[in-house]
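S.K.: Dropping in data.cif, which is mmCIF, C-alpha atoms:
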data_data
loop_
_atom_site.label_atom_id
_atom_site.label_comp_id
_atom_site.auth_asym_id
_atom_site.auth_seq_id
_atom_site.Cartn_x
_atom_site.Cartn_y
_atom_site.Cartn_z
CA MET E 1 -10.08 -29.94 -3.85
CA SER E 2 -11.93 -31.01 -7.01
CA ASP E 3 -11.87 -29.21 -10.35
CA TRP E 4 -15.49 -28.25 -9.67
CA HIS E 5 -14.44 -26.35 -6.56
CA GLY E 6 -11.72 -24.53 -8.50
CA TRP E 7 -14.08 -23.39 -11.25
CA ALA E 8 -16.74 -22.38 -8.72
CA ALA E 9 -14.21 -20.38 -6.70
CA LEU E 10 -13.03 -18.64 -9.87
CA VAL E 11 -16.61 -17.75 -10.83
CA VAL E 12 -17.27 -16.30 -7.36
CA PHE E 13 -14.07 -14.25 -7.42
CA VAL E 14 -14.58 -12.93 -10.95
CA GLY E 15 -18.21 -12.12 -10.17
CA ALA E 16 -17.22 -10.24 -7.04
CA TYR E 17 -14.51 -8.38 -8.94
CA VAL E 18 -16.99 -7.32 -11.62
CA LEU E 19 -19.39 -6.03 -8.96
CA ILE E 20 -16.60 -4.09 -7.24
CA ILE E 21 -15.66 -2.51 -10.56
CA SER E 22 -19.26 -1.65 -11.42
CA GLU E 23 -19.79 -0.06 -7.98
CA LYS E 24 -23.48 -1.00 -8.14
CA ILE E 25 -23.09 -2.68 -4.74
CA HIS E 26 -20.80 -1.36 -2.00
CA ARG E 27 -17.42 -3.12 -2.12
CA VAL E 28 -17.66 -4.19 1.54
CA ALA E 29 -20.96 -5.99 0.89
CA VAL E 30 -19.46 -7.63 -2.21
CA ALA E 31 -16.33 -8.79 -0.37
CA LEU E 32 -18.26 -10.23 2.58
CA GLY E 33 -20.83 -11.82 0.28
CA GLY E 34 -18.08 -13.34 -1.84
CA ALA E 35 -16.35 -14.66 1.26
CA GLY E 36 -19.60 -16.26 2.41
CA LEU E 37 -20.06 -17.94 -0.97
CA MET E 38 -16.49 -19.28 -0.89
CA LEU E 39 -17.28 -20.93 2.45
CA ALA E 40 -20.70 -22.13 1.29
CA ILE E 41 -19.39 -23.90 -1.84
CA GLY E 42 -16.53 -25.50 0.09
CA ALA E 43 -13.74 -23.67 -1.74
CA THR E 44 -12.28 -23.01 1.71
CA ASP E 45 -13.32 -23.81 5.26
CA ASP E 46 -13.35 -22.12 8.62
CA VAL E 47 -9.89 -23.36 9.56
CA SER E 48 -8.29 -22.10 6.35
CA ALA E 49 -10.26 -18.87 6.36
CA PHE E 50 -9.66 -17.86 9.95
CA TYR E 51 -6.65 -19.75 11.29
CA SER E 52 -4.37 -20.70 8.40
CA GLU E 53 -1.07 -18.83 8.18
CA HIS E 54 -0.98 -18.70 4.38
CA SER E 55 -4.42 -18.81 2.81
CA GLY E 56 -6.89 -17.32 5.26
CA ILE E 57 -7.43 -13.88 6.71
CA ASP E 58 -4.10 -12.19 7.34
CA TRP E 59 -4.73 -11.11 10.91
CA ASN E 60 -1.33 -9.45 11.02
CA VAL E 61 -2.52 -6.98 8.39
CA ILE E 62 -5.93 -6.48 10.03
CA PHE E 63 -4.56 -5.76 13.52
CA LEU E 64 -1.65 -3.70 12.19
CA LEU E 65 -4.20 -1.45 10.48
CA MET E 66 -6.42 -1.34 13.56
CA GLY E 67 -3.56 -0.36 15.89
CA MET E 68 -2.21 2.32 13.57
CA MET E 69 -5.70 3.74 12.94
CA MET E 70 -6.16 4.13 16.70
CA ILE E 71 -2.82 5.94 17.08
CA VAL E 72 -3.61 8.23 14.15
CA GLY E 73 -7.07 8.85 15.64
CA VAL E 74 -5.52 10.12 18.87
CA LEU E 75 -3.03 12.33 17.00
CA LYS E 76 -5.86 13.88 15.00
CA LYS E 77 -7.33 15.26 18.23
CA THR E 78 -4.14 17.19 18.99
CA GLY E 79 -4.23 19.44 15.91
CA MET E 80 -0.90 18.01 14.70
CA PHE E 81 -2.20 17.28 11.21
CA GLU E 82 -3.51 20.84 10.85
CA TYR E 83 -0.06 22.06 11.86
CA LEU E 84 1.63 19.87 9.23
CA ALA E 85 -0.89 20.89 6.58
CA ILE E 86 -0.26 24.61 7.12
CA TRP E 87 3.51 24.08 7.36
CA SER E 88 3.72 22.09 4.12
CA VAL E 89 1.55 24.52 2.14
CA LYS E 90 3.59 27.50 3.32
CA ARG E 91 6.85 25.78 2.36
CA ALA E 92 5.41 25.14 -1.12
CA ARG E 93 4.24 28.76 -1.36
CA ALA E 94 0.67 27.42 -1.79
CA GLN E 95 1.45 26.33 -5.36
CA PRO E 96 -0.76 23.24 -6.00
CA PHE E 97 1.78 21.19 -7.96
CA ARG E 98 4.59 22.06 -5.57
CA VAL E 99 2.38 20.84 -2.74
CA MET E 100 1.74 17.57 -4.60
CA ALA E 101 5.45 17.12 -5.34
CA MET E 102 6.34 17.68 -1.68
CA LEU E 103 3.72 15.20 -0.45
CA VAL E 104 4.69 12.59 -3.08
CA VAL E 105 8.39 12.72 -2.19
CA ILE E 106 7.70 12.62 1.55
CA THR E 107 5.35 9.65 1.08
CA ALA E 108 7.86 7.73 -1.02
CA VAL E 109 10.73 8.30 1.40
CA VAL E 110 8.70 7.40 4.49
CA SER E 111 7.31 4.31 2.71
CA SER E 112 10.83 3.04 2.21
CA LEU E 113 11.37 3.13 5.98
CA LEU E 114 7.92 2.01 7.15
CA ASP E 115 5.37 -0.21 5.49
CA ASN E 116 3.30 1.69 2.93
CA VAL E 117 -0.02 1.19 4.74
CA THR E 118 1.29 2.89 7.88
CA THR E 119 2.66 5.71 5.74
CA VAL E 120 -0.63 6.51 4.02
CA LEU E 121 -2.47 6.37 7.35
CA LEU E 122 -0.19 9.17 8.55
CA ILE E 123 -0.05 11.29 5.37
CA VAL E 124 -3.68 11.15 4.16
CA PRO E 125 -5.16 13.26 7.01
CA VAL E 126 -2.60 15.96 6.25
CA THR E 127 -3.46 15.83 2.56
CA LEU E 128 -7.20 16.16 3.14
CA LEU E 129 -6.60 19.26 5.25
CA VAL E 130 -4.21 20.76 2.69
CA CYS E 131 -6.76 20.31 -0.10
CA GLU E 132 -9.52 21.75 2.06
CA ARG E 133 -7.41 24.83 2.85
CA LEU E 134 -6.53 25.42 -0.81
CA GLY E 135 -9.97 24.52 -2.19
CA LEU E 136 -8.54 21.68 -4.30
CA SER E 137 -9.95 18.30 -5.24
CA SER E 138 -8.29 15.76 -2.96
CA ALA E 139 -8.56 12.78 -5.35
CA PRO E 140 -5.47 13.57 -7.50
CA TYR E 141 -3.34 14.12 -4.40
CA LEU E 142 -4.49 10.92 -2.68
CA ILE E 143 -4.04 8.86 -5.86
CA ALA E 144 -0.54 10.28 -6.38
CA GLU E 145 0.41 9.56 -2.78
CA VAL E 146 -0.76 5.96 -2.70
CA MET E 147 1.18 5.29 -5.90
CA ALA E 148 4.23 6.96 -4.37
CA SER E 149 3.86 4.73 -1.31
CA ASN E 150 3.83 1.58 -3.44
CA ILE E 151 6.85 2.76 -5.46
CA GLY E 152 8.77 3.92 -2.39
CA GLY E 153 8.00 0.66 -0.60
CA THR E 154 9.81 -1.19 -3.40
CA ALA E 155 13.15 0.28 -2.32
CA THR E 156 13.70 -1.64 0.92
CA LEU E 157 13.04 -4.92 2.67
CA VAL E 158 10.55 -3.35 5.11
CA GLY E 159 8.75 -1.05 2.67
CA ASP E 160 6.22 -3.53 1.31
CA PRO E 161 5.07 -6.87 2.82
CA PRO E 162 5.89 -8.90 -0.35
CA ASN E 163 9.53 -7.85 0.04
CA ILE E 164 9.63 -9.41 3.50
CA ILE E 165 8.34 -12.70 2.08
CA ILE E 166 10.92 -12.60 -0.73
CA ALA E 167 13.78 -11.75 1.63
CA SER E 168 12.90 -14.64 3.92
CA ARG E 169 12.67 -17.16 1.07
CA ALA E 170 15.75 -15.95 -0.84
CA GLY E 171 18.00 -15.18 2.14
CA LEU E 172 18.29 -11.50 1.18
CA ASN E 173 19.02 -8.70 3.65
CA PHE E 174 18.13 -5.01 3.97
CA ASN E 175 21.26 -3.85 2.14
CA ASP E 176 20.57 -6.15 -0.82
CA PHE E 177 17.26 -4.40 -1.47
CA VAL E 178 18.81 -0.95 -1.11
CA ILE E 179 21.62 -1.73 -3.55
CA HIS E 180 19.47 -3.39 -6.20
CA LEU E 181 16.08 -1.65 -5.98
CA ALA E 182 16.51 1.74 -4.27
CA PRO E 183 18.15 3.45 -7.31
CA LEU E 184 15.30 2.32 -9.55
CA ALA E 185 12.68 3.38 -6.99
CA ALA E 186 14.19 6.89 -6.86
CA LEU E 187 14.00 7.12 -10.65
CA LEU E 188 10.41 5.91 -10.68
CA VAL E 189 9.35 8.53 -8.12
CA ALA E 190 10.74 11.21 -10.45
CA VAL E 191 8.84 9.63 -13.35
CA LEU E 192 5.68 9.58 -11.22
CA LEU E 193 5.99 13.33 -10.63
CA VAL E 194 6.21 13.93 -14.38
CA LEU E 195 3.17 11.73 -14.98
CA CYS E 196 1.22 13.52 -12.24
CA ARG E 197 2.02 16.88 -13.80
CA ILE E 198 0.52 15.61 -17.05
CA MET E 199 -2.39 13.50 -15.76
CA PHE E 200 -3.70 16.02 -13.24
CA ARG E 201 -2.75 19.23 -15.07
CA GLY E 202 -6.35 20.49 -15.04
CA THR E 203 -6.58 20.38 -11.24
CA PHE E 204 -3.63 22.63 -10.35
CA VAL E 205 -5.64 25.82 -9.95
CA TYR E 206 -3.96 28.58 -7.93
CA ASP E 207 -6.34 30.63 -5.78
CA ASP E 208 -4.74 33.93 -4.73
CA GLY E 209 -7.26 34.53 -1.94
CA ARG E 210 -6.91 31.10 -0.32
CA ALA E 211 -3.14 31.18 -0.76
CA ALA E 212 -2.89 34.55 0.98
CA GLU E 213 -5.09 33.32 3.84
CA ILE E 214 -3.02 30.22 4.50
CA MET E 215 0.30 32.05 4.14
CA ALA E 216 -0.88 34.43 6.88
CA LEU E 217 -1.66 31.59 9.30
CA GLU E 218 0.61 30.68 12.22
CA GLU E 219 0.88 26.90 12.22
CA ARG E 220 1.68 26.68 15.94
CA GLU E 221 -1.78 28.00 16.76
CA ALA E 222 -3.28 24.83 15.24
CA ILE E 223 -1.96 22.68 18.11
CA LYS E 224 -4.89 22.05 20.49
CA ASP E 225 -3.32 19.69 23.00
CA PRO E 226 0.51 19.87 23.16
CA ARG E 227 0.79 17.30 25.96
CA LEU E 228 -1.29 14.71 24.13
CA MET E 229 0.66 15.39 20.94
CA VAL E 230 3.95 14.71 22.71
CA GLN E 231 2.53 11.49 24.17
CA GLY E 232 1.30 10.43 20.74
CA LEU E 233 4.59 11.19 19.03
CA VAL E 234 6.57 9.31 21.67
CA VAL E 235 4.36 6.25 21.24
CA LEU E 236 4.54 6.57 17.45
CA ALA E 237 8.35 6.72 17.64
CA LEU E 238 8.39 3.60 19.82
CA VAL E 239 6.13 1.81 17.34
CA MET E 240 8.37 2.79 14.43
CA ALA E 241 11.40 1.57 16.36
CA GLY E 242 9.58 -1.71 16.95
CA PHE E 243 9.01 -2.08 13.21
CA VAL E 244 12.65 -1.37 12.37
CA LEU E 245 13.95 -3.67 15.13
CA HIS E 246 11.79 -6.59 14.04
CA PRO E 247 14.88 -8.73 13.16
CA VAL E 248 16.05 -8.31 16.78
CA LEU E 249 12.79 -8.24 18.75
CA HIS E 250 10.89 -10.75 16.58
CA TYR E 251 7.57 -9.04 17.33
CA ALA E 252 5.09 -9.07 14.46
CA PRO E 253 4.11 -5.56 13.24
CA SER E 254 0.54 -6.16 14.40
CA ILE E 255 1.72 -6.80 17.97
CA VAL E 256 3.86 -3.66 17.95
CA ALA E 257 0.97 -1.54 16.64
CA LEU E 258 -1.53 -2.91 19.15
CA LEU E 259 0.90 -2.44 22.04
CA GLY E 260 1.45 1.14 20.95
CA ALA E 261 -2.27 1.84 20.61
CA GLY E 262 -2.98 0.30 24.02
CA LEU E 263 -0.16 2.26 25.66
CA LEU E 264 -1.35 5.55 24.16
CA VAL E 265 -5.00 5.06 25.13
CA ALA E 266 -4.06 3.91 28.64
CA SER E 267 -1.58 6.73 29.31
CA SER E 268 -3.73 9.57 27.98
CA LYS E 269 -7.14 10.90 28.94
CA VAL E 270 -8.79 10.27 25.58
CA ASP E 271 -12.12 8.50 25.52
CA THR E 272 -11.75 4.92 24.31
CA ASP E 273 -15.04 5.04 22.41
CA ASP E 274 -13.86 8.15 20.53
CA VAL E 275 -10.62 6.42 19.56
CA LEU E 276 -12.38 3.28 18.36
CA ALA E 277 -14.76 5.46 16.33
CA GLU E 278 -11.73 6.60 14.30
CA VAL E 279 -11.02 3.02 13.13
CA GLU E 280 -12.02 2.40 9.50
CA TRP E 281 -14.13 -0.66 10.27
CA PRO E 282 -15.56 -0.97 6.72
CA THR E 283 -12.02 -1.09 5.36
CA LEU E 284 -11.05 -3.87 7.78
CA ALA E 285 -14.21 -5.81 6.86
CA PHE E 286 -13.38 -5.43 3.17
CA PHE E 287 -9.89 -6.81 3.75
CA ALA E 288 -11.28 -9.76 5.70
CA GLY E 289 -13.70 -10.65 2.90
CA LEU E 290 -11.06 -10.19 0.23
CA PHE E 291 -8.58 -12.40 2.10
CA VAL E 292 -11.18 -15.18 2.40
CA MET E 293 -11.97 -15.00 -1.33
CA ILE E 294 -8.29 -15.13 -2.27
CA GLY E 295 -7.86 -17.97 0.22
CA GLY E 296 -10.54 -19.87 -1.69
CA LEU E 297 -8.56 -19.44 -4.92
CA ILE E 298 -5.40 -20.65 -3.18
CA ASP E 299 -7.03 -23.63 -1.43
CA THR E 300 -8.65 -24.86 -4.65
CA GLY E 301 -5.33 -24.57 -6.49
CA VAL E 302 -6.39 -21.84 -8.90
CA VAL E 303 -3.56 -19.46 -7.96
CA GLY E 304 -1.07 -22.32 -7.85
CA GLN E 305 -2.01 -23.50 -11.34
CA ALA E 306 -1.72 -19.98 -12.71
CA SER E 307 1.70 -19.60 -11.11
CA HIS E 308 2.92 -22.97 -12.44
CA ARG E 309 1.78 -22.05 -15.94
CA LEU E 310 3.74 -18.84 -15.64
CA ALA E 311 6.76 -20.90 -14.61
CA GLY E 312 6.21 -23.11 -17.65
CA LEU E 313 6.30 -20.07 -19.93
CA ILE E 314 9.62 -19.02 -18.45
CA GLY E 315 11.51 -22.16 -19.45
CA GLY E 316 15.29 -22.20 -18.91
CA SER E 317 16.18 -18.68 -20.02
CA GLU E 318 17.12 -16.37 -17.16
CA LEU E 319 16.48 -13.26 -19.28
CA GLY E 320 13.14 -14.59 -20.50
CA GLY E 321 12.34 -15.68 -16.97
CA ALA E 322 13.07 -12.28 -15.49
CA MET E 323 11.03 -10.45 -18.14
CA THR E 324 8.08 -12.85 -17.88
CA LEU E 325 8.16 -12.92 -14.10
CA LEU E 326 8.23 -9.13 -13.84
CA GLY E 327 5.50 -8.52 -16.40
CA GLY E 328 3.32 -11.42 -15.31
CA SER E 329 3.62 -10.50 -11.64
CA ALA E 330 2.63 -6.91 -12.40
CA LEU E 331 -0.45 -8.12 -14.28
CA LEU E 332 -1.59 -10.59 -11.62
CA SER E 333 -0.81 -8.30 -8.68
CA GLY E 334 -3.19 -5.74 -10.12
CA ILE E 335 -5.99 -8.29 -9.80
CA VAL E 336 -5.05 -10.35 -6.75
CA ASP E 337 -3.55 -8.67 -3.68
CA ASN E 338 0.24 -8.94 -3.98
CA ILE E 339 0.78 -10.52 -0.55
CA PRO E 340 -0.87 -13.91 -1.25
CA TYR E 341 0.45 -13.80 -4.82
CA VAL E 342 4.07 -13.50 -3.67
CA ALA E 343 3.50 -16.11 -0.97
CA THR E 344 2.42 -18.50 -3.74
CA MET E 345 5.12 -17.55 -6.24
CA ALA E 346 8.06 -17.53 -3.78
CA PRO E 347 8.62 -21.32 -3.73
CA ILE E 348 8.21 -21.51 -7.52
CA THR E 349 10.75 -18.71 -7.99
CA SER E 350 13.11 -20.49 -5.60
CA ASP E 351 12.94 -23.61 -7.78
CA LEU E 352 13.59 -21.54 -10.91
CA VAL E 353 16.64 -19.88 -9.34
CA ARG E 354 18.00 -23.29 -8.34
CA ASP E 355 17.37 -24.80 -11.78
CA MET E 356 19.15 -21.89 -13.46
CA GLY E 357 22.28 -22.28 -11.39
CA GLY E 358 21.61 -20.06 -8.43
CA GLY E 359 21.34 -16.68 -10.17
CA ALA E 360 24.44 -14.70 -9.21
CA HIS E 361 22.52 -11.39 -9.04
CA GLN E 362 19.25 -12.89 -7.77
CA VAL E 363 17.62 -11.28 -10.81
CA LEU E 364 14.50 -13.46 -10.66
CA TRP E 365 13.83 -12.36 -7.10
CA TRP E 366 14.20 -8.69 -8.07
CA ALA E 367 11.85 -9.26 -11.00
CA LEU E 368 9.25 -10.81 -8.69
CA ALA E 369 9.55 -7.95 -6.19
CA LEU E 370 9.28 -5.25 -8.84
CA GLY E 371 6.33 -6.87 -10.60
CA ALA E 372 4.39 -7.49 -7.40
CA ASP E 373 5.08 -4.08 -5.81
CA LEU E 374 4.57 -1.93 -8.91
CA GLY E 375 1.64 -3.99 -10.18
CA GLY E 376 -0.24 -3.05 -7.02
CA ASN E 377 -0.73 0.43 -8.51
CA ALA E 378 -2.75 -0.88 -11.44
CA THR E 379 -6.17 -1.09 -9.79
CA ALA E 380 -7.96 0.23 -6.73
CA ILE E 381 -7.63 -3.13 -4.95
CA GLY E 382 -4.18 -4.12 -6.19
CA ALA E 383 -2.43 -3.25 -2.92
CA SER E 384 -3.45 -2.83 0.70
CA ALA E 385 -2.51 0.86 0.73
CA ASN E 386 -4.92 1.53 -2.16
CA VAL E 387 -7.86 0.06 -0.26
CA VAL E 388 -7.00 1.97 2.90
CA VAL E 389 -6.81 5.33 1.11
CA LEU E 390 -10.11 4.78 -0.72
CA GLY E 391 -11.74 3.87 2.58
CA ILE E 392 -10.49 7.03 4.30
CA ALA E 393 -11.54 9.18 1.34
CA GLU E 394 -15.03 7.71 1.42
CA ARG E 395 -15.34 8.27 5.15
CA ASN E 396 -14.40 11.93 4.69
CA ARG E 397 -17.07 12.27 1.97
CA ARG E 398 -14.53 12.58 -0.80
CA PRO E 399 -15.00 9.19 -2.46
CA ILE E 400 -12.71 7.93 -5.19
CA SER E 401 -14.33 5.44 -7.55
CA PHE E 402 -12.70 2.22 -8.72
CA TRP E 403 -12.31 3.54 -12.27
CA GLN E 404 -11.18 6.99 -11.19
CA PHE E 405 -8.22 5.35 -9.47
CA THR E 406 -7.65 2.61 -12.04
CA LYS E 407 -7.52 4.80 -15.15
CA TYR E 408 -4.52 6.59 -13.68
CA GLY E 409 -3.13 3.45 -12.06
CA LEU E 410 -2.90 1.64 -15.38
CA VAL E 411 -0.90 4.50 -16.90
CA VAL E 412 1.51 4.67 -13.97
CA THR E 413 1.89 0.87 -13.80
CA ALA E 414 2.51 0.47 -17.53
CA THR E 415 5.14 3.22 -17.47
CA THR E 416 6.96 2.10 -14.32
CA VAL E 417 6.91 -1.58 -15.32
CA ALA E 418 8.31 -0.73 -18.78
CA ILE E 419 11.14 1.24 -17.17
CA SER E 420 11.75 -1.63 -14.74
CA LEU E 421 11.97 -4.13 -17.59
CA ALA E 422 14.62 -1.94 -19.23
CA TYR E 423 16.44 -1.55 -15.89
CA VAL E 424 16.57 -5.30 -15.27
CA TRP E 425 17.74 -6.01 -18.82
CA LEU E 426 20.47 -3.35 -18.78
CA ARG E 427 21.76 -3.91 -15.25
CA TYR E 428 21.78 -7.72 -15.12
CA PHE E 429 22.20 -8.80 -18.75
CA VAL E 430 23.98 -5.98 -20.59
CA TRP E 431 26.23 -4.28 -18.05
CA SER E 432 26.93 -7.26 -15.79
#
Please, can you express the file's structure as C-alpha cells?

M.R.:
Amino acid sequence: MSDWHGWAALVVFVGAYVLIISEKIHRVAVALGGAGLMLAIGATDDVSAFYSEHSGIDWNVIFLLMGMMMIVGVLKKTGMFEYLAIWSVKRARAQPFRVMAMLVVITAVVSSLLDNVTTVLLIVPVTLLVCERLGLSSAPYLIAEVMASNIGGTATLVGDPPNIIIASRAGLNFNDFVIHLAPLAALLVAVLLVLCRIMFRGTFVYDDGRAAEIMALEEREAIKDPRLMVQGLVVLALVMAGFVLHPVLHYAPSIVALLGAGLLVASSKVDTDDVLAEVEWPTLAFFAGLFVMIGGLIDTGVVGQASHRLAGLIGGSELGGAMTLLGGSALLSGIVDNIPYVATMAPITSDLVRDMGGGAHQVLWWALALGADLGGNATAIGASANVVVLGIAERNRRPISFWQFTKYGLVVTATTVAISLAYVWLRYFVWS
C-alpha cells in the first residue's frame, strides 16, 4: 500500500470516529459508510474485508453474537429474566447500591469464566427489568456492568478475546493468567465498586413503595414456560461447556453458539421469526463496518507503524517496556477495538521478549493484556461488550450516548490502569 492510502485510511477512520462521538449521524450509518469509503479508496479490498483471518470482518465475533442473541431471545420468552430480577432485588433488600454491587460482582465473576460479550448478553436483560421494577435509571447500572465485564475478563485466558491471542503467541496457559492477573482483577472490581458509589451517587434513590411491592412478589410466578426454560438452560449449559472445552474440542466459539441456537430453535416450539427478531442486527452491522475500517488501517500499515513506534519508545529496558506497553495499549485500545490491536502487537511483543532475554515472568505479555483489556473501558467503542450493551439499551428505548459512557469510562480506565502500573512495578520489579 502507498503512503497515500495510509493517510486516506486514517482520514476516513478519524472522520468516522468524530461523527460517532458527535452522534449527529447514527453510528451504524457512520460505520457502514466508513467501511464503504475504505473499500472505495483501496485501503482494503473485498478479500481482506470479508475473507482475511486477521484484518477483515471477524466472523467469529459476528456469529458468536448472533448465536448467543438467539439463545437469550428464547430464554426471554420463558420469564426467567423476570425471575432473576425479582430474586436479585429481594436479596439486596431493594437497596439501589446493593443491587448494583450484586450485579457488578456477578458480572465480573461470570466474565472470568465466559467471554465478556456473552456475559453482558445474559445479564443486561435482568438489569433492565430490575431498574424498571425499582424505577431507576438503567444507564449507571449498564455502564457499571460492562466495565465489570471488561475487568473480570482480564482475570483468565477465556475471559477476553485478546487474552486468547496473547496465550497462543506466548505459550501461556489458563493457570498462568489466574496466577498473574486474577488477584489484580479482584482488586480492580473492588475499586470499581468504590468509583461507582461516587460517580453514580445521585442515582441511588430508594423508593419505599416500589421496594415494598417487589419484596411482596413471588419470583416463581414470573416463570411463564417452565419446559422451555429447562430446554434453554440445558442448551446454554452445553454451549458454556463447549466454550470451556475449546482446547479439547477445537470448535470456534461461533460454531458452538450457532449449534446451540440451532438446537434450541429446532427442539422447541418457538417461532423462528420471533427468535430472529430478538437479534440486535444494527449492532452486528456496526461491528461489520468497524472491522472493515480497522482492517483498512491494518492493510495500509497505519496500525503497524504506530505499534513499531511504540516498540521504538520502549528500547531495551524491561521496566520501561512494561510501563510503556501497558499505558500505550490502554490508550490505543480505547480508540481501536482491542482485538485487532493485540493481533498486531503480539508479534512485536514477542520480539521484545526475545530481545530482552525471554522475560522470566512474562511481564511484557501481562502488560499488553492489562493495557488492552482495561483500555477497552475508556470509550463506548473500546471493547465489543461496550458496543453490545449500548445497542441493547437503544433497542429498549434507554439509549446511552457516547459521551455519557465515555466520561465515566475515562475515570475508571485512568484509575484501573494507574493501579495496574503500580501492580506490575511492585510485583515484577520490586518484590521479584

S.K.: Using all atoms listed in the file, which residue out of E:Val388, E:Val411, E:Ile214, E:Val110 lies closest to E:Leu374?

M.R.: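 Of all the options, E:Val411 lies closest to E:Leu374.
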
S.K.: Taking only C-alpha atoms into account, name the residue in E:Leu364, E:Val189, E:Ile348, E:Val256 that is nearest to E:Thr107.

M.R.: E:Val189

S.K.: I'd like the neighbourhood of E:Ala383 as a ChimeraX atom specification, where a residue qualifies if any of its atoms comes within 8 Å (using all atoms listed in the file), though same-chain residues fewer than 3 positions away should be ignored.

M.R.: /E:150,333-334,337-338,376-377,380,386-387

S.K.: When you look at stretch 61-70 of chain E with a cut-off of 8 Å (counting only C-alpha atoms), what residues show up, excluding the ones that are within fewer than 3 positions of it in the same chain? I need them as a PyMOL selection string.

M.R.: chain E and resi 58+73-74+117-118+121+253-261+275-276+278-280+284+287-288

S.K.: Restricting the calculation to all atoms listed in the file, which member of E:Ala43, E:Ala190, E:Leu228, E:Ala92 is positioned closest to E:Ala148?

M.R.: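 Using all atoms listed in the file, E:Ala148 sits closest to E:Ala190.
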
S.K.: Considering only C-alpha atoms, return as a PyMOL selection string whatever protein or nucleic-acid residues lie within 9 Å of stretch 390-398 of chain E, sequence-local ones (same chain, fewer than 2 positions apart) excluded.

M.R.: chain E and resi 121+124-125+128+137-139+142-143+280+282-283+380+385-388+400-402+405

S.K.: From the list E:Ile57, E:Ile339, E:Val130, E:Ile419, which residue is nearest E:Ala211 when using all atoms listed in the file?

M.R.: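 Counting all atoms listed in the file, the residue closest to E:Ala211 is E:Val130.
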
S.K.: Given the file shown, determine the residues that the PyMOL selection byres ((chain E and resi 83-86) around 12) selects; report them as a PyMOL selection string.

M.R.: chain E and resi 75-82+87-94+99-100+102-103+122-134+210-226+229

S.K.: Filtering to C-alpha atoms, could you give me those residues as an mmCIF file, in the frame of the given file?

M.R.:
data_model
loop_
_atom_site.group_PDB
_atom_site.id
_atom_site.type_symbol
_atom_site.label_atom_id
_atom_site.label_comp_id
_atom_site.auth_asym_id
_atom_site.auth_seq_id
_atom_site.Cartn_x
_atom_site.Cartn_y
_atom_site.Cartn_z
ATOM 1 C CA LEU E 75 -3.030 12.330 17.000
ATOM 2 C CA LYS E 76 -5.860 13.880 15.000
ATOM 3 C CA LYS E 77 -7.330 15.260 18.230
ATOM 4 C CA THR E 78 -4.140 17.190 18.990
ATOM 5 C CA GLY E 79 -4.230 19.440 15.910
ATOM 6 C CA MET E 80 -0.900 18.010 14.700
ATOM 7 C CA PHE E 81 -2.200 17.280 11.210
ATOM 8 C CA GLU E 82 -3.510 20.840 10.850
ATOM 9 C CA TRP E 87 3.510 24.080 7.360
ATOM 10 C CA SER E 88 3.720 22.090 4.120
ATOM 11 C CA VAL E 89 1.550 24.520 2.140
ATOM 12 C CA LYS E 90 3.590 27.500 3.320
ATOM 13 C CA ARG E 91 6.850 25.780 2.360
ATOM 14 C CA ALA E 92 5.410 25.140 -1.120
ATOM 15 C CA ARG E 93 4.240 28.760 -1.360
ATOM 16 C CA ALA E 94 0.670 27.420 -1.790
ATOM 17 C CA VAL E 99 2.380 20.840 -2.740
ATOM 18 C CA MET E 100 1.740 17.570 -4.600
ATOM 19 C CA MET E 102 6.340 17.680 -1.680
ATOM 20 C CA LEU E 103 3.720 15.200 -0.450
ATOM 21 C CA LEU E 122 -0.190 9.170 8.550
ATOM 22 C CA ILE E 123 -0.050 11.290 5.370
ATOM 23 C CA VAL E 124 -3.680 11.150 4.160
ATOM 24 C CA PRO E 125 -5.160 13.260 7.010
ATOM 25 C CA VAL E 126 -2.600 15.960 6.250
ATOM 26 C CA THR E 127 -3.460 15.830 2.560
ATOM 27 C CA LEU E 128 -7.200 16.160 3.140
ATOM 28 C CA LEU E 129 -6.600 19.260 5.250
ATOM 29 C CA VAL E 130 -4.210 20.760 2.690
ATOM 30 C CA CYS E 131 -6.760 20.310 -0.100
ATOM 31 C CA GLU E 132 -9.520 21.750 2.060
ATOM 32 C CA ARG E 133 -7.410 24.830 2.850
ATOM 33 C CA LEU E 134 -6.530 25.420 -0.810
ATOM 34 C CA ARG E 210 -6.910 31.100 -0.320
ATOM 35 C CA ALA E 211 -3.140 31.180 -0.760
ATOM 36 C CA ALA E 212 -2.890 34.550 0.980
ATOM 37 C CA GLU E 213 -5.090 33.320 3.840
ATOM 38 C CA ILE E 214 -3.020 30.220 4.500
ATOM 39 C CA MET E 215 0.300 32.050 4.140
ATOM 40 C CA ALA E 216 -0.880 34.430 6.880
ATOM 41 C CA LEU E 217 -1.660 31.590 9.300
ATOM 42 C CA GLU E 218 0.610 30.680 12.220
ATOM 43 C CA GLU E 219 0.880 26.900 12.220
ATOM 44 C CA ARG E 220 1.680 26.680 15.940
ATOM 45 C CA GLU E 221 -1.780 28.000 16.760
ATOM 46 C CA ALA E 222 -3.280 24.830 15.240
ATOM 47 C CA ILE E 223 -1.960 22.680 18.110
ATOM 48 C CA LYS E 224 -4.890 22.050 20.490
ATOM 49 C CA ASP E 225 -3.320 19.690 23.000
ATOM 50 C CA PRO E 226 0.510 19.870 23.160
ATOM 51 C CA MET E 229 0.660 15.390 20.940
#

S.K.: Separation of atom CA of E:Ser22 and atom CA of E:Val389, in Å?

M.R.: 19.0 Å

S.K.: Kindly give the distance, in Å, that separates atom CA of E:Leu370 and atom CA of E:Val18, rounded to a single decimal.

M.R.: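 Answer for the atom CA of E:Leu370 to atom CA of E:Val18 separation: 26.5 Å.
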
S.K.: So how far away is atom CA of E:Lys407 from atom CA of E:Pro96, in Å?

M.R.: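 Straight-line distance from atom CA of E:Pro96 to atom CA of E:Lys407 works out to 21.7 Å.
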
S.K.: Extract, using only C-alpha atoms, all DNA, RNA and protein residues at most 12 Å from E:Gly171, discarding same-chain residues fewer than 5 positions from it, and format them as an MDAnalysis selection string.

M.R.: chainID E and resid 157 163:166 176:177 346 350 362 365

S.K.: Between E:Phe286, E:Ile106, E:Leu263, E:Ile71, which has the minimum distance to E:Ala29 (counting only C-alpha atoms)?

M.R.: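 Ranking E:Phe286, E:Ile106, E:Leu263, E:Ile71 by distance to E:Ala29, first place goes to E:Phe286.
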